[in-house]
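Chemist: So that you have it, the file is target28.pdb, and it contains PDB, C-alpha atoms, pLDDT in the B column:
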```
ATOM      1  CA  MET A 274     130.917 105.912 -60.859  1.00 47.00           C
ATOM      2  CA  TYR A 275     127.641 107.202 -62.256  1.00 53.00           C
ATOM      3  CA  PRO A 276     127.158 109.592 -64.002  1.00 54.00           C
ATOM      4  CA  LEU A 277     130.331 108.796 -65.993  1.00 56.00           C
ATOM      5  CA  PHE A 278     129.860 105.034 -66.099  1.00 56.00           C
ATOM      6  CA  GLU A 279     126.842 102.972 -65.247  1.00 59.00           C
ATOM      7  CA  GLN A 280     126.943  99.767 -63.252  1.00 60.00           C
ATOM      8  CA  ASN A 281     125.953  96.720 -65.256  1.00 59.00           C
ATOM      9  CA  TRP A 282     126.386  92.971 -65.580  1.00 58.00           C
ATOM     10  CA  ARG A 283     128.851  93.054 -68.476  1.00 57.00           C
ATOM     11  CA  LEU A 284     131.599  91.771 -66.219  1.00 56.00           C
ATOM     12  CA  PHE A 285     129.700  88.519 -65.721  1.00 57.00           C
ATOM     13  CA  ALA A 286     127.913  88.261 -69.066  1.00 54.00           C
ATOM     14  CA  PRO A 287     129.905  90.332 -71.548  1.00 58.00           C
ATOM     15  CA  ASN A 288     128.485  91.292 -74.878  1.00 61.00           C
ATOM     16  CA  PRO A 289     131.569  91.240 -77.104  1.00 65.00           C
ATOM     17  CA  ASP A 290     131.933  93.861 -79.795  1.00 69.00           C
ATOM     18  CA  SER A 291     131.194  92.699 -83.319  1.00 76.00           C
ATOM     19  CA  VAL A 292     133.156  95.618 -84.768  1.00 81.00           C
ATOM     20  CA  ASN A 293     136.572  97.177 -84.374  1.00 84.00           C
ATOM     21  CA  ARG A 294     136.706 100.924 -83.903  1.00 89.00           C
ATOM     22  CA  GLN A 295     139.676 103.078 -84.731  1.00 92.00           C
ATOM     23  CA  VAL A 296     139.585 106.508 -83.074  1.00 94.00           C
ATOM     24  CA  LEU A 297     141.757 109.155 -84.690  1.00 95.00           C
ATOM     25  CA  ALA A 298     142.286 112.776 -83.651  1.00 95.00           C
ATOM     26  CA  ARG A 299     143.691 115.886 -85.236  1.00 94.00           C
ATOM     27  CA  THR A 300     144.175 119.355 -83.846  1.00 94.00           C
ATOM     28  CA  ALA A 301     143.998 122.890 -85.144  1.00 93.00           C
ATOM     29  CA  HIS A 302     145.688 126.059 -84.012  1.00 90.00           C
ATOM     30  CA  THR A 303     144.963 129.605 -85.067  1.00 87.00           C
ATOM     31  CA  ALA A 304     148.251 131.257 -85.993  1.00 85.00           C
ATOM     32  CA  SER A 305     149.040 134.915 -85.264  1.00 87.00           C
ATOM     33  CA  ASP A 306     148.300 135.819 -88.897  1.00 91.00           C
ATOM     34  CA  GLY A 307     144.791 134.351 -88.561  1.00 87.00           C
ATOM     35  CA  SER A 308     145.462 131.234 -90.595  1.00 90.00           C
ATOM     36  CA  MET A 309     144.405 127.837 -89.298  1.00 91.00           C
ATOM     37  CA  ARG A 310     147.074 125.146 -88.970  1.00 91.00           C
ATOM     38  CA  VAL A 311     145.690 121.603 -88.925  1.00 92.00           C
ATOM     39  CA  SER A 312     147.768 118.656 -87.757  1.00 91.00           C
ATOM     40  CA  PRO A 313     147.857 115.217 -89.350  1.00 93.00           C
ATOM     41  CA  TRP A 314     145.619 112.504 -87.866  1.00 94.00           C
ATOM     42  CA  VAL A 315     146.913 110.653 -84.785  1.00 93.00           C
ATOM     43  CA  ASP A 316     145.676 107.097 -84.216  1.00 93.00           C
ATOM     44  CA  LEU A 317     144.585 107.027 -80.546  1.00 92.00           C
ATOM     45  CA  THR A 318     143.434 103.410 -80.783  1.00 90.00           C
ATOM     46  CA  ALA A 319     146.863 102.264 -81.994  1.00 86.00           C
ATOM     47  CA  ALA A 320     148.437 103.954 -78.978  1.00 82.00           C
ATOM     48  CA  ASP A 321     146.020 102.060 -76.694  1.00 79.00           C
ATOM     49  CA  ARG A 322     146.847  98.760 -78.394  1.00 81.00           C
ATOM     50  CA  ALA A 323     150.571  99.435 -78.043  1.00 79.00           C
ATOM     51  CA  ALA A 324     150.110 100.116 -74.311  1.00 75.00           C
ATOM     52  CA  VAL A 325     148.463  96.705 -73.874  1.00 77.00           C
ATOM     53  CA  GLU A 326     150.441  94.540 -76.276  1.00 81.00           C
ATOM     54  CA  HIS A 327     153.165  92.376 -74.733  1.00 76.00           C
ATOM     55  CA  HIS A 328     152.197  93.342 -71.169  1.00 76.00           C
ATOM     56  CA  VAL A 329     151.502  90.444 -68.842  1.00 77.00           C
ATOM     57  CA  PHE A 330     149.162  92.566 -66.696  1.00 78.00           C
ATOM     58  CA  PRO A 331     147.874  95.340 -68.964  1.00 73.00           C
ATOM     59  CA  SER A 332     146.005  98.238 -67.463  1.00 72.00           C
ATOM     60  CA  HIS A 333     142.236  97.942 -67.608  1.00 68.00           C
ATOM     61  CA  THR A 334     142.167 101.696 -68.178  1.00 70.00           C
ATOM     62  CA  ALA A 335     144.499 101.431 -71.165  1.00 67.00           C
ATOM     63  CA  GLN A 336     142.240  98.789 -72.654  1.00 70.00           C
ATOM     64  CA  ASN A 337     138.866 100.412 -72.113  1.00 80.00           C
ATOM     65  CA  LEU A 338     138.948 104.153 -71.361  1.00 86.00           C
ATOM     66  CA  LEU A 339     138.718 105.441 -74.926  1.00 89.00           C
ATOM     67  CA  ARG A 340     136.442 102.614 -76.109  1.00 87.00           C
ATOM     68  CA  ARG A 341     133.950 103.102 -73.261  1.00 88.00           C
ATOM     69  CA  ALA A 342     134.026 106.894 -73.650  1.00 91.00           C
ATOM     70  CA  TRP A 343     133.132 106.483 -77.328  1.00 91.00           C
ATOM     71  CA  SER A 344     130.337 103.991 -76.525  1.00 89.00           C
ATOM     72  CA  SER A 345     128.869 106.381 -73.962  1.00 90.00           C
ATOM     73  CA  TYR A 346     129.117 109.267 -76.428  1.00 93.00           C
ATOM     74  CA  VAL A 347     127.202 107.307 -79.082  1.00 91.00           C
ATOM     75  CA  GLU A 348     124.564 106.232 -76.551  1.00 91.00           C
ATOM     76  CA  THR A 349     123.902 109.857 -75.564  1.00 92.00           C
ATOM     77  CA  HIS A 350     124.290 111.563 -78.954  1.00 90.00           C
ATOM     78  CA  GLY A 351     123.014 109.174 -81.580  1.00 81.00           C
ATOM     79  CA  THR A 352     124.195 109.923 -85.102  1.00 84.00           C
ATOM     80  CA  ASP A 353     123.760 113.702 -85.249  1.00 87.00           C
ATOM     81  CA  ASP A 354     126.379 114.707 -82.618  1.00 89.00           C
ATOM     82  CA  VAL A 355     123.936 117.020 -80.855  1.00 89.00           C
ATOM     83  CA  ALA A 356     123.911 116.934 -77.029  1.00 89.00           C
ATOM     84  CA  ARG A 357     120.319 116.990 -75.799  1.00 88.00           C
ATOM     85  CA  SER A 358     120.907 116.409 -72.105  1.00 92.00           C
ATOM     86  CA  GLU A 359     123.370 117.252 -69.360  1.00 93.00           C
ATOM     87  CA  ARG A 360     124.689 113.693 -69.478  1.00 93.00           C
ATOM     88  CA  ALA A 361     125.267 114.011 -73.235  1.00 93.00           C
ATOM     89  CA  GLU A 362     127.208 117.249 -72.710  1.00 94.00           C
ATOM     90  CA  MET A 363     129.244 115.602 -69.967  1.00 94.00           C
ATOM     91  CA  MET A 364     130.084 112.606 -72.178  1.00 94.00           C
ATOM     92  CA  GLN A 365     131.117 114.934 -75.013  1.00 94.00           C
ATOM     93  CA  LYS A 366     133.468 116.820 -72.680  1.00 94.00           C
ATOM     94  CA  TYR A 367     134.781 113.547 -71.288  1.00 93.00           C
ATOM     95  CA  LEU A 368     135.597 112.178 -74.762  1.00 94.00           C
ATOM     96  CA  ARG A 369     137.080 115.522 -75.838  1.00 95.00           C
ATOM     97  CA  ASN A 370     139.281 115.687 -72.740  1.00 92.00           C
ATOM     98  CA  ILE A 371     140.566 112.131 -73.171  1.00 92.00           C
ATOM     99  CA  ALA A 372     141.464 112.863 -76.793  1.00 93.00           C
ATOM    100  CA  ALA A 373     143.054 116.229 -75.971  1.00 93.00           C
ATOM    101  CA  ASP A 374     145.114 114.718 -73.128  1.00 90.00           C
ATOM    102  CA  ARG A 375     146.331 111.915 -75.380  1.00 89.00           C
ATOM    103  CA  VAL A 376     147.258 114.262 -78.221  1.00 90.00           C
ATOM    104  CA  ALA A 377     148.977 116.708 -75.829  1.00 87.00           C
ATOM    105  CA  GLY A 378     150.864 113.762 -74.307  1.00 78.00           C
ATOM    106  CA  HIS A 379     151.933 112.711 -77.787  1.00 74.00           C
ATOM    107  CA  ASP A 380     154.162 115.839 -77.745  1.00 61.00           C
ATOM    108  CA  ARG A 381     153.285 117.243 -81.105  1.00 55.00           C
ATOM    109  CA  GLY A 382     155.503 120.258 -80.536  1.00 55.00           C
ATOM    110  CA  GLY A 383     152.896 122.960 -80.196  1.00 69.00           C
ATOM    111  CA  THR A 384     149.657 124.243 -78.799  1.00 84.00           C
ATOM    112  CA  PHE A 385     146.206 123.686 -80.186  1.00 91.00           C
ATOM    113  CA  ASP A 386     142.827 125.369 -79.859  1.00 91.00           C
ATOM    114  CA  PHE A 387     140.544 122.777 -81.428  1.00 94.00           C
ATOM    115  CA  ILE A 388     140.349 119.003 -81.704  1.00 95.00           C
ATOM    116  CA  GLN A 389     138.415 116.809 -84.096  1.00 96.00           C
ATOM    117  CA  LEU A 390     137.801 113.061 -83.922  1.00 97.00           C
ATOM    118  CA  ARG A 391     137.212 110.553 -86.668  1.00 96.00           C
ATOM    119  CA  VAL A 392     135.956 107.074 -85.835  1.00 94.00           C
ATOM    120  CA  VAL A 393     136.314 104.304 -88.400  1.00 92.00           C
ATOM    121  CA  THR A 394     134.229 101.202 -87.687  1.00 88.00           C
ATOM    122  CA  ARG A 395     135.053  97.882 -89.348  1.00 86.00           C
ATOM    123  CA  PRO A 396     133.493  94.437 -88.862  1.00 84.00           C
ATOM    124  CA  VAL A 397     135.456  91.867 -86.882  1.00 80.00           C
ATOM    125  CA  VAL A 398     136.993  89.293 -89.215  1.00 75.00           C
ATOM    126  CA  ALA A 399     135.731  85.780 -88.520  1.00 71.00           C
ATOM    127  CA  PRO A 400     138.271  83.386 -86.939  1.00 72.00           C
ATOM    128  CA  GLY A 401     140.157  81.480 -89.592  1.00 67.00           C
ATOM    129  CA  ALA A 402     139.071  83.856 -92.364  1.00 65.00           C
ATOM    130  CA  THR A 403     141.834  85.145 -94.550  1.00 61.00           C
ATOM    131  CA  ALA A 404     141.659  88.897 -94.698  1.00 55.00           C
ATOM    132  CA  GLY A 405     144.867  89.107 -96.703  1.00 61.00           C
ATOM    133  CA  ASN A 406     146.700  92.375 -96.500  1.00 60.00           C
ATOM    134  CA  HIS A 407     143.508  94.409 -96.763  1.00 64.00           C
ATOM    135  CA  PRO A 408     141.469  95.393 -93.693  1.00 65.00           C
ATOM    136  CA  PRO A 409     137.702  94.862 -93.894  1.00 66.00           C
ATOM    137  CA  THR A 410     135.727  97.613 -95.600  1.00 73.00           C
ATOM    138  CA  PRO A 411     134.609 100.270 -93.094  1.00 68.00           C
ATOM    139  CA  VAL A 412     130.997 100.023 -92.016  1.00 82.00           C
ATOM    140  CA  GLU A 413     131.079 103.613 -90.810  1.00 85.00           C
ATOM    141  CA  ASN A 414     133.529 106.488 -91.120  1.00 89.00           C
ATOM    142  CA  ARG A 415     132.248 109.138 -88.730  1.00 93.00           C
ATOM    143  CA  LEU A 416     133.752 112.612 -88.613  1.00 95.00           C
ATOM    144  CA  LEU A 417     132.849 114.593 -85.512  1.00 95.00           C
ATOM    145  CA  PRO A 418     132.702 118.400 -85.441  1.00 94.00           C
ATOM    146  CA  TRP A 419     135.647 120.511 -84.277  1.00 95.00           C
ATOM    147  CA  TRP A 420     135.590 121.000 -80.506  1.00 95.00           C
ATOM    148  CA  LYS A 421     137.168 123.955 -78.713  1.00 93.00           C
ATOM    149  CA  VAL A 422     139.756 122.973 -76.098  1.00 91.00           C
ATOM    150  CA  THR A 423     141.007 125.272 -73.409  1.00 80.00           C
ATOM    151  CA  SER A 424     143.873 124.071 -71.247  1.00 63.00           C
ATOM    152  CA  HIS A 425     145.650 121.648 -73.570  1.00 51.00           C
ATOM    153  CA  GLY A 426     148.575 121.767 -75.900  1.00 43.00           C
ATOM    154  CA  LYS A 427     150.968 123.488 -73.457  1.00 42.00           C
TER     155      LYS A 427
END
```
Could you express the structure from this file as structure tokens?

Modeler:
Amino acid sequence: MYPLFEQNWRLFAPNPDSVNRQVLARTAHTASDGSMRVSPWVDLTAADRAAVEHHVFPSHTAQNLLRRAWSSYVETHGTDDVARSERAEMMQKYLRNIAADRVAGHDRGGTFDFIQLRVVTRPVVAPGATAGNHPPTPVENRLLPWWKVTSHGK
């Protein structure tokens, strides 16, 4: 599956995540009067969790597609969101397309020209720890730049 996904030994010796990531997306559309209309944030991670929860045989794709796309994006872009290789550009397009497809499938009732992602990273709560009603404090709250989309949003 290279260049999208590399082959590795994680299936046999997984390295579990020590953080939880929440990927959110919002869209923007340029109206006929030139004004920009921005949608509210949509929680893409919550939609993935809902697709897996209470399913005896959940889809591996539903569990990992967005998470692995984000991991590959971070590996190729670092913290400055600048693509410095063809692979980095490909991973950016891949992540953008996944997000745009999910938002378009969410049927938001309109078209959009741009999409923006926000990724909130929180530490995993230790087993048996009482987190109460408050989620752990975010370790990172990363806002990506607006990306132009072409064939999405009807």

Chemist: Once 8 Å is added on each side, what centre and edge lengths in Å to one decimal does the axis-aligned box around all listed atoms of segment 336-351 of chain A have, as JSON?

Modeler:
```
{"center_x": 132.6, "center_y": 105.2, "center_z": -76.5, "size_x": 35.2, "size_y": 28.8, "size_z": 26.2}
```

Chemist: When you draw a straight line from atom CA of His302 of chain A to atom CA of Phe387 of chain A, how long is it in Å?

Modeler: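 Straight-line distance from atom CA of His302 of chain A to atom CA of Phe387 of chain A works out to 6.6 Å.
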
Chemist: What does the distance from atom CA of Leu339 of chain A to atom CA of Val393 of chain A come to in Å, to one decimal?

Modeler: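 So the answer is 13.7 Å.
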
Chemist: Smallest atom-to-atom distance to Asp354 of chain A: which of A:Ala323, A:Ser308, A:Pro418, A:Val292, using all atoms listed in the file?

Modeler: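 Selected residue with least distance to Asp354 of chain A: A:Pro418.
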
Chemist: Atom CA of Leu417 of chain A and atom CA of Arg391 of chain A are how many Å apart?

Modeler: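 Atom-to-atom, atom CA of Leu417 of chain A to atom CA of Arg391 of chain A, that is 6.1 Å.
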
Chemist: Rank A:Thr394, A:Thr352, A:Ser344, A:Asn414 by their smallest atom-to-atom distance to Gln295 of chain A, using only C-alpha atoms, and report the top residue only.

Modeler: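 Of A:Thr394, A:Thr352, A:Ser344, A:Asn414, the one nearest Gln295 of chain A, counting only C-alpha atoms, is A:Thr394.
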
Chemist: Can you pull out every residue within 10 Å of Ala324 of chain A, counting only C-alpha atoms, but drop anything in the same chain fewer than 6 positions away, and send it as a list in words?

Modeler: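 Those residues are Thr318, Pro331, Ser332, Ala335 and Gln336 of chain A.
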
Chemist: Take the residues from that selection and put them in a file with C-alpha atoms, as a tab-separated table (two decimals), keeping the file's coordinate frame.

Modeler:
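And here is the file that came out, out15.tsv:
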```tsv
chain	number	residue	atom	x	y	z
A	318	THR	CA	143.43	103.41	-80.78
A	331	PRO	CA	147.87	95.34	-68.96
A	332	SER	CA	146.00	98.24	-67.46
A	335	ALA	CA	144.50	101.43	-71.17
A	336	GLN	CA	142.24	98.79	-72.65
```

Chemist: When the PyMOL selection byres ((chain A and resi 366) around 12) is applied to the file above, which residues end up in the set, as a PyMOL selection string?

Modeler: chain A and resi 277+342-343+345-346+356+359-365+367-374+388+420-423

Chemist: Next, the residues of the selection above should be written as a tab-separated table (two decimals), in the coordinates of the input with C-alpha atoms.

Modeler:
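Result file result-v1.tsv:
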```tsv
chain	number	residue	atom	x	y	z
A	277	LEU	CA	130.33	108.80	-65.99
A	342	ALA	CA	134.03	106.89	-73.65
A	343	TRP	CA	133.13	106.48	-77.33
A	345	SER	CA	128.87	106.38	-73.96
A	346	TYR	CA	129.12	109.27	-76.43
A	356	ALA	CA	123.91	116.93	-77.03
A	359	GLU	CA	123.37	117.25	-69.36
A	360	ARG	CA	124.69	113.69	-69.48
A	361	ALA	CA	125.27	114.01	-73.24
A	362	GLU	CA	127.21	117.25	-72.71
A	363	MET	CA	129.24	115.60	-69.97
A	364	MET	CA	130.08	112.61	-72.18
A	365	GLN	CA	131.12	114.93	-75.01
A	367	TYR	CA	134.78	113.55	-71.29
A	368	LEU	CA	135.60	112.18	-74.76
A	369	ARG	CA	137.08	115.52	-75.84
A	370	ASN	CA	139.28	115.69	-72.74
A	371	ILE	CA	140.57	112.13	-73.17
A	372	ALA	CA	141.46	112.86	-76.79
A	373	ALA	CA	143.05	116.23	-75.97
A	374	ASP	CA	145.11	114.72	-73.13
A	388	ILE	CA	140.35	119.00	-81.70
A	420	TRP	CA	135.59	121.00	-80.51
A	421	LYS	CA	137.17	123.96	-78.71
A	422	VAL	CA	139.76	122.97	-76.10
A	423	THR	CA	141.01	125.27	-73.41
```

Chemist: For Ser291 of chain A, which residue out of A:Asp353, A:Val325, A:Ser358, A:Val397 is the nearest one, using only C-alpha atoms?

Modeler: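 Residue with the minimum atom-to-atom distance to Ser291 of chain A: A:Val397.
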
Chemist: May I have the protein, DNA and RNA residues with an atom at most 7 Å from (134.7, 99.9, -78.4), counting only C-alpha atoms in the file's coordinates, returned as a list in words?

Modeler: Asp290, Asn293, Arg294, Arg340, Arg341, Trp343 and Ser344 of chain A

Chemist: For a quick check of understanding, using all atoms listed in the file, which of A:Val376, A:Ala399, A:Val412, A:Val355 has the smallest distance to Arg299 of chain A?

Modeler: A:Val376

Chemist: For Leu338 of chain A, which residue out of A:Ala377, A:Arg357, A:Val296, A:Val311 is the nearest one, using all atoms listed in the file?

Modeler: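 With all atoms listed in the file as the atom set, the closest residue is A:Val296.
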
Chemist: Let me know the residues the PyMOL selection byres ((chain A and resi 303) around 12) catches in the file above, as a count of residues only.

Modeler: 18
